[in-house]
Amino acid sequence: MGGGGNMSTITSKNEQKKNPLERVPSSKPPFTLGDVKKAIPPHCFERSLIKSFSFLIQDLILVSIFYYMANTYIHLIPTPYSYVAWTTYWIAQGCVCTGIWVIGHECGHHGFSDYQWVDDIVGLILHSALLTPYFAWKHSHRRHHANTGSLENDEVYIPRLKSKLRWYYKYLNNPLGRVLVLAFTLTFAWPLYLMFNISGKKYDRFACHYDPYSPIYSNRERLQIYISDVGVIATTYLLYRVTLTQGLAWVFCIYGVPLLIVNGFIVLITLMHHTHSSLPHYDSSEWDYLRGALATVDRDYGVLNKVFHNVTDTHVLHHIFSYISHYHAMEATKAIKPLLGEYYKYDDTPILKAMWRDTKECIFVEKDKDKGVYWYKNKL
């Protein structure tokens, strides 16, 4: 997660001038996880229930204001200006709701408060309201953090070997193909991942985030998957009842389009954190937790860094210590950067430009000489 400010405030001019595509070291770092922890001020590991709720309440107030304005005034605006008003509402509401989803994500990492039960109740309510199965995703996401960068064991965003590419990739490796792939990915990838584990780890049988007996989960986790399902079903039923009274078009405009934007940002943010030609992936002969955690990149989304509670520009820290609250993560990131040195990757390329570049250059991975280290390639 992250917290409080723009990454540009903690990134020197010299760092910004570095080639963002320069590979990070893939060798075992000269520092340990303990060294990294010692570099972080102790108070950064403290969680404040009051402070966490203050950020959540701030977001909920904004959501309420946007809803009131849209529901009260947009229908009074003449066409075509009403189209501009609706678009403005959708973008603003979608961005703030993404921030709320991020707070739910923080709950899943036990970064919201010192009380696990509080974190789980808040996370369940927030994610259910956005049709995300809280516990189901919490457990699969935890496995992603435990195995980041591992070709065999990572839970999601596992790059393909060239020999494993589907036959149609060569037809999509062009500007039009990339536009179609990006449009499909940002619109449908999140629900397809939850339902069918698309882009997720390959299991020996069907894997689904809504199935308590999915191979993703252990026996002790299955009850919580049922609870996640109840949360999503409850929200779906509430939407059904509202649709009966307000109409489908009203629900789609007020709730549906902002939700699509939230889903798109979830995919975009996570995709861009783990897709970069400078970052290595490892097989079992080379992988370890620290190198895997370092195989991610901090990005700059401008003003949205703050709206998204800096999940965007403190992701390296988040993969090392995922339970640090977002409002401490900027300070903690600044503290570890001198120690991490070349192992820390930050790319301030404008996000849309970076998305186009990285989805073009990062098609598959190839092994680096005789080592179990793999790098992204694009030459089909």
# chains A, B, ... in the order shown; residues from 1 in each chain; ligands from 1

call {"tool": "select_by_dssp", "arguments": {"residues": "segment 262-360 of chain A", "states": "helix (DSSP H, G or I)", "output": "short mmCIF file (atom, residue, chain, number, x, y, z; two decimals) with C-alpha atoms, in the first residue's frame"}}
result
data_model
loop_
_atom_site.label_atom_id
_atom_site.label_comp_id
_atom_site.auth_asym_id
_atom_site.auth_seq_id
_atom_site.Cartn_x
_atom_site.Cartn_y
_atom_site.Cartn_z
CA VAL A 262 -12.94 0.15 -10.41
CA ASN A 263 -12.46 -3.24 -12.05
CA GLY A 264 -10.37 -1.67 -14.79
CA PHE A 265 -8.13 0.10 -12.30
CA ILE A 266 -7.67 -3.07 -10.23
CA VAL A 267 -6.35 -4.81 -13.34
CA LEU A 268 -4.31 -1.86 -14.59
CA ILE A 269 -2.61 -1.19 -11.27
CA THR A 270 -1.67 -4.82 -10.61
CA LEU A 271 -0.69 -5.48 -14.22
CA MET A 272 1.63 -2.48 -14.30
CA HIS A 273 3.22 -3.41 -11.00
CA HIS A 274 4.26 -6.81 -12.29
CA TYR A 289 11.17 -14.37 -0.98
CA LEU A 290 13.21 -11.17 -0.94
CA ARG A 291 14.25 -11.28 -4.59
CA GLY A 292 10.67 -12.07 -5.56
CA ALA A 293 9.34 -9.16 -3.51
CA LEU A 294 11.83 -6.84 -5.19
CA LEU A 304 -4.42 9.51 -8.52
CA ASN A 305 -1.55 8.30 -6.31
CA LYS A 306 -3.26 10.01 -3.39
CA VAL A 307 -6.78 9.03 -4.47
CA HIS A 315 4.31 -1.26 -4.19
CA VAL A 316 7.89 -2.43 -3.72
CA LEU A 317 7.62 -1.76 0.01
CA HIS A 318 4.18 -3.35 0.05
CA HIS A 319 5.59 -6.61 -1.26
CA ILE A 320 8.30 -6.63 1.38
CA HIS A 326 -0.81 3.13 3.59
CA TYR A 327 -0.33 6.35 5.55
CA HIS A 328 3.15 5.18 6.61
CA ALA A 329 4.23 3.64 3.33
CA MET A 330 5.65 6.78 1.69
CA GLU A 331 7.92 7.43 4.66
CA ALA A 332 8.92 3.76 4.79
CA THR A 333 9.65 3.71 1.06
CA LYS A 334 11.89 6.75 1.40
CA ALA A 335 13.72 5.04 4.27
CA ILE A 336 14.51 1.80 2.39
CA LYS A 337 15.48 3.27 -0.98
CA PRO A 338 19.11 4.03 -0.06
CA LEU A 339 19.55 0.46 1.20
CA LEU A 340 17.86 -1.17 -1.79
CA GLY A 341 19.86 0.89 -4.27
CA GLU A 342 19.72 -0.65 -7.74
CA TYR A 343 17.32 -3.31 -6.50
CA ILE A 351 0.94 5.56 -17.05
CA LEU A 352 -0.89 5.34 -20.39
CA LYS A 353 2.40 5.54 -22.28
CA ALA A 354 3.91 2.94 -19.95
CA MET A 355 0.89 0.65 -20.40
CA TRP A 356 1.27 0.75 -24.18
CA ARG A 357 5.04 0.24 -24.04
CA ASP A 358 5.04 -2.58 -21.51
CA THR A 359 2.20 -4.55 -23.04
CA LYS A 360 4.10 -4.30 -26.32
#

call {"tool": "residues_around", "arguments": {"residues": "Asn153 of chain A", "least_positions_apart": "2", "cutoff": "9 Å", "atoms": "only C-alpha atoms", "output": "number ranges by chain"}}
result
A: 143-144, 146-151, 155, 158, 201, 283-284

call {"tool": "write_last_selection", "arguments": {"atoms": "N, CA, C and O atoms", "output": "CSV table (one decimal), in the first residue's frame"}}
result
chain,number,residue,atom,x,y,z
A,143,ARG,N,-1.1,-15.7,-1.1
A,143,ARG,CA,-0.2,-16.7,-1.8
A,143,ARG,C,0.6,-16.0,-2.9
A,143,ARG,O,1.7,-16.4,-3.1
A,144,HIS,N,0.0,-15.0,-3.5
A,144,HIS,CA,0.7,-14.2,-4.5
A,144,HIS,C,1.9,-13.5,-3.8
A,144,HIS,O,3.0,-13.5,-4.3
A,146,ALA,N,3.4,-14.3,-1.1
A,146,ALA,CA,4.3,-15.3,-0.6
A,146,ALA,C,5.2,-15.9,-1.7
A,146,ALA,O,6.3,-16.5,-1.4
A,147,ASN,N,4.8,-15.7,-3.0
A,147,ASN,CA,5.5,-16.4,-4.1
A,147,ASN,C,5.7,-15.4,-5.3
A,147,ASN,O,5.9,-15.9,-6.4
A,148,THR,N,5.7,-14.1,-5.0
A,148,THR,CA,5.9,-13.2,-6.1
A,148,THR,C,7.2,-13.4,-6.9
A,148,THR,O,8.2,-13.7,-6.3
A,149,GLY,N,7.0,-13.4,-8.2
A,149,GLY,CA,8.2,-13.6,-9.1
A,149,GLY,C,8.6,-15.0,-9.4
A,149,GLY,O,9.5,-15.3,-10.1
A,150,SER,N,7.9,-16.0,-8.8
A,150,SER,CA,8.1,-17.4,-9.0
A,150,SER,C,7.4,-17.9,-10.2
A,150,SER,O,6.1,-17.8,-10.2
A,151,LEU,N,8.1,-18.5,-11.1
A,151,LEU,CA,7.4,-19.0,-12.3
A,151,LEU,C,6.5,-20.2,-12.0
A,151,LEU,O,5.5,-20.5,-12.7
A,155,GLU,N,0.8,-16.8,-7.8
A,155,GLU,CA,-0.7,-17.0,-7.9
A,155,GLU,C,-1.3,-16.3,-9.1
A,155,GLU,O,-2.3,-16.7,-9.6
A,158,ILE,N,1.6,-14.6,-14.0
A,158,ILE,CA,2.7,-15.5,-14.3
A,158,ILE,C,3.0,-15.4,-15.8
A,158,ILE,O,2.2,-15.8,-16.6
A,201,LYS,N,-2.7,-19.0,-11.4
A,201,LYS,CA,-1.9,-20.2,-11.4
A,201,LYS,C,-2.6,-21.4,-11.9
A,201,LYS,O,-3.8,-21.5,-11.7
A,283,ASP,N,12.9,-19.2,-11.6
A,283,ASP,CA,12.4,-20.6,-11.3
A,283,ASP,C,12.9,-21.0,-10.0
A,283,ASP,O,13.5,-20.3,-9.2
A,284,SER,N,12.5,-22.3,-9.6
A,284,SER,CA,12.8,-22.7,-8.2
A,284,SER,C,14.3,-22.8,-7.8
A,284,SER,O,14.6,-22.8,-6.7

call {"tool": "residues_around", "arguments": {"residues": "Leu126 of chain A", "least_positions_apart": "2", "cutoff": "12 Å", "atoms": "only C-alpha atoms", "output": "JSON, numbers by chain"}}
result
{"A": [56, 57, 59, 60, 97, 98, 99, 100, 101, 102, 103, 104, 105, 106, 107, 108, 119, 120, 121, 122, 123, 124, 128, 129, 130, 131, 132, 133, 134, 135, 228, 231, 232, 235]}

call {"tool": "residues_around", "arguments": {"residues": "Ser163 of chain A", "least_positions_apart": "5", "cutoff": "12 Å", "atoms": "only C-alpha atoms", "output": "JSON, numbers by chain"}}
result
{"A": [169, 363, 364, 365, 366, 367, 380]}

call {"tool": "write_last_selection", "arguments": {"atoms": "N, CA and C atoms", "output": "PDB file, in the first residue's frame"}}
result
ATOM      1  N   TYR A 169      -1.328 -15.277 -30.587  1.00  0.00           N
ATOM      2  CA  TYR A 169      -0.535 -14.149 -30.115  1.00  0.00           C
ATOM      3  C   TYR A 169       0.134 -13.398 -31.262  1.00  0.00           C
ATOM      4  N   ILE A 363       5.873  -9.806 -23.726  1.00  0.00           N
ATOM      5  CA  ILE A 363       4.989 -10.828 -24.278  1.00  0.00           C
ATOM      6  C   ILE A 363       5.253 -12.186 -23.654  1.00  0.00           C
ATOM      7  N   PHE A 364       6.522 -12.533 -23.491  1.00  0.00           N
ATOM      8  CA  PHE A 364       6.894 -13.823 -22.905  1.00  0.00           C
ATOM      9  C   PHE A 364       8.239 -13.661 -22.207  1.00  0.00           C
ATOM     10  N   VAL A 365       8.673 -14.670 -21.492  1.00  0.00           N
ATOM     11  CA  VAL A 365       9.972 -14.619 -20.814  1.00  0.00           C
ATOM     12  C   VAL A 365      10.885 -15.707 -21.353  1.00  0.00           C
ATOM     13  N   GLU A 366      12.184 -15.401 -21.341  1.00  0.00           N
ATOM     14  CA  GLU A 366      13.207 -16.362 -21.741  1.00  0.00           C
ATOM     15  C   GLU A 366      14.254 -16.458 -20.651  1.00  0.00           C
ATOM     16  N   LYS A 367      14.858 -17.630 -20.561  1.00  0.00           N
ATOM     17  CA  LYS A 367      15.866 -17.885 -19.539  1.00  0.00           C
ATOM     18  C   LYS A 367      17.141 -17.116 -19.847  1.00  0.00           C
ATOM     19  N   LEU A 380       8.644 -12.420 -31.526  1.00  0.00           N
ATOM     20  CA  LEU A 380       7.952 -13.670 -31.861  1.00  0.00           C
ATOM     21  C   LEU A 380       8.549 -14.290 -33.126  1.00  0.00           C
TER      22      LEU A 380
END

call {"tool": "closest_residue", "arguments": {"among": "A:Arg23, A:Val242, A:Ser199, A:Tyr89", "to": "Tyr73 of chain A", "atoms": "only C-alpha atoms"}}
result
A:Tyr89

call {"tool": "residues_around", "arguments": {"residues": "Gly372 of chain A", "least_positions_apart": "3", "cutoff": "9 Å", "atoms": "only C-alpha atoms", "output": "PyMOL selection string"}}
result
chain A and resi 281-287+367-369

call {"tool": "write_last_selection", "arguments": {"atoms": "C-alpha atoms", "output": "PDB file, in the first residue's frame"}}
result
ATOM      1  CA  HIS A 281      11.258 -13.786 -12.827  1.00  0.00           C
ATOM      2  CA  TYR A 282      12.788 -16.842 -11.213  1.00  0.00           C
ATOM      3  CA  ASP A 283      12.432 -20.599 -11.345  1.00  0.00           C
ATOM      4  CA  SER A 284      12.784 -22.728  -8.223  1.00  0.00           C
ATOM      5  CA  SER A 285      16.578 -22.889  -8.528  1.00  0.00           C
ATOM      6  CA  GLU A 286      16.927 -19.117  -8.005  1.00  0.00           C
ATOM      7  CA  TRP A 287      13.770 -17.820  -6.341  1.00  0.00           C
ATOM      8  CA  LYS A 367      15.866 -17.885 -19.539  1.00  0.00           C
ATOM      9  CA  ASP A 368      19.013 -15.868 -18.929  1.00  0.00           C
ATOM     10  CA  LYS A 369      21.956 -18.042 -20.006  1.00  0.00           C
TER      11      LYS A 369
END

call {"tool": "atom_distance", "arguments": {"atom1": "atom CA of Tyr171 of chain A", "atom2": "atom CA of Thr349 of chain A"}}
result
27.3 Å

call {"tool": "residues_around", "arguments": {"residues": "segment 217-221 of chain A", "least_positions_apart": "5", "cutoff": "10 Å", "atoms": "only C-alpha atoms", "output": "ChimeraX atom specification"}}
result
/A:135-136,139-140,207-209,211-212,226

call {"tool": "residues_around", "arguments": {"residues": "Pro42 of chain A", "least_positions_apart": "2", "cutoff": "12 Å", "atoms": "only C-alpha atoms", "output": "list in words"}}
result
Val36, Lys37, Lys38, Ala39, Ile40, Cys44, Phe45, Glu46, Arg47, Ile324, His328, Glu331, Ala332 and Ala335 of chain A

call {"tool": "write_last_selection", "arguments": {"atoms": "N, CA and C atoms", "output": "PDB file, in the first residue's frame"}}
result
ATOM      1  N   VAL A  36      16.368  -4.577   5.877  1.00  0.00           N
ATOM      2  CA  VAL A  36      15.347  -3.682   5.347  1.00  0.00           C
ATOM      3  C   VAL A  36      14.419  -3.215   6.463  1.00  0.00           C
ATOM      4  N   LYS A  37      14.037  -4.138   7.330  1.00  0.00           N
ATOM      5  CA  LYS A  37      13.143  -3.774   8.437  1.00  0.00           C
ATOM      6  C   LYS A  37      13.795  -2.766   9.371  1.00  0.00           C
ATOM      7  N   LYS A  38      15.085  -2.931   9.628  1.00  0.00           N
ATOM      8  CA  LYS A  38      15.792  -2.010  10.521  1.00  0.00           C
ATOM      9  C   LYS A  38      15.887  -0.608   9.940  1.00  0.00           C
ATOM     10  N   ALA A  39      15.854  -0.509   8.609  1.00  0.00           N
ATOM     11  CA  ALA A  39      15.962   0.804   7.959  1.00  0.00           C
ATOM     12  C   ALA A  39      14.679   1.608   8.074  1.00  0.00           C
ATOM     13  N   ILE A  40      13.585   0.963   8.416  1.00  0.00           N
ATOM     14  CA  ILE A  40      12.280   1.624   8.487  1.00  0.00           C
ATOM     15  C   ILE A  40      12.029   2.119   9.907  1.00  0.00           C
ATOM     16  N   CYS A  44       6.441   3.297  11.700  1.00  0.00           N
ATOM     17  CA  CYS A  44       5.793   2.958  10.431  1.00  0.00           C
ATOM     18  C   CYS A  44       5.075   1.613  10.494  1.00  0.00           C
ATOM     19  N   PHE A  45       5.423   0.806  11.488  1.00  0.00           N
ATOM     20  CA  PHE A  45       4.772  -0.494  11.637  1.00  0.00           C
ATOM     21  C   PHE A  45       3.554  -0.418  12.556  1.00  0.00           C
ATOM     22  N   GLU A  46       3.255   0.776  13.064  1.00  0.00           N
ATOM     23  CA  GLU A  46       2.110   0.947  13.954  1.00  0.00           C
ATOM     24  C   GLU A  46       0.853   1.231  13.130  1.00  0.00           C
ATOM     25  N   ARG A  47      -0.260   0.612  13.531  1.00  0.00           N
ATOM     26  CA  ARG A  47      -1.542   0.811  12.856  1.00  0.00           C
ATOM     27  C   ARG A  47      -2.493   1.562  13.780  1.00  0.00           C
ATOM     28  N   ILE A 324       2.169  -2.902   6.453  1.00  0.00           N
ATOM     29  CA  ILE A 324       2.370  -1.491   6.777  1.00  0.00           C
ATOM     30  C   ILE A 324       1.186  -0.691   6.232  1.00  0.00           C
ATOM     31  N   HIS A 328       1.735   5.226   6.230  1.00  0.00           N
ATOM     32  CA  HIS A 328       3.153   5.179   6.606  1.00  0.00           C
ATOM     33  C   HIS A 328       4.040   4.754   5.439  1.00  0.00           C
ATOM     34  N   GLU A 331       6.754   7.216   3.794  1.00  0.00           N
ATOM     35  CA  GLU A 331       7.918   7.427   4.659  1.00  0.00           C
ATOM     36  C   GLU A 331       8.796   6.176   4.686  1.00  0.00           C
ATOM     37  N   ALA A 332       8.163   5.014   4.756  1.00  0.00           N
ATOM     38  CA  ALA A 332       8.918   3.765   4.792  1.00  0.00           C
ATOM     39  C   ALA A 332       9.650   3.520   3.468  1.00  0.00           C
ATOM     40  N   ALA A 335      12.688   5.549   3.358  1.00  0.00           N
ATOM     41  CA  ALA A 335      13.716   5.039   4.269  1.00  0.00           C
ATOM     42  C   ALA A 335      14.483   3.858   3.686  1.00  0.00           C
TER      43      ALA A 335
END

call {"tool": "select_by_dssp", "arguments": {"residues": "segment 108-352 of chain A", "states": "strand (DSSP E)", "output": "PyMOL selection string"}}
result
chain A and resi 281-282+298-299+346-347

call {"tool": "write_last_selection", "arguments": {"atoms": "N, CA and C atoms", "output": "CSV table (one decimal), in the first residue's frame"}}
result
chain,number,residue,atom,x,y,z
A,281,HIS,N,12.0,-12.7,-13.4
A,281,HIS,CA,11.3,-13.8,-12.8
A,281,HIS,C,12.2,-14.9,-12.6
A,282,TYR,N,11.9,-15.8,-11.6
A,282,TYR,CA,12.8,-16.8,-11.2
A,282,TYR,C,12.1,-18.2,-11.2
A,298,ASP,N,7.4,0.5,-8.7
A,298,ASP,CA,6.6,1.6,-8.3
A,298,ASP,C,6.3,2.5,-9.5
A,299,ARG,N,5.0,2.9,-9.6
A,299,ARG,CA,4.6,3.7,-10.8
A,299,ARG,C,4.1,5.1,-10.3
A,346,TYR,N,11.7,2.2,-9.9
A,346,TYR,CA,10.7,3.2,-10.0
A,346,TYR,C,10.6,3.7,-11.4
A,347,ASP,N,9.4,3.8,-12.0
A,347,ASP,CA,9.3,4.2,-13.4
A,347,ASP,C,8.2,5.3,-13.4

call {"tool": "closest_residue", "arguments": {"among": "A:Val96, A:Ala189, A:Val257, A:Val251", "to": "Phe55 of chain A", "atoms": "only C-alpha atoms"}}
result
A:Val96

call {"tool": "atom_distance", "arguments": {"atom1": "atom CA of Tyr168 of chain A", "atom2": "atom CA of Leu186 of chain A"}}
result
19.3 Å

call {"tool": "closest_residue", "arguments": {"among": "A:Leu279, A:Ile50, A:Val63, A:Ile227", "to": "Val297 of chain A", "atoms": "only C-alpha atoms"}}
result
A:Leu279
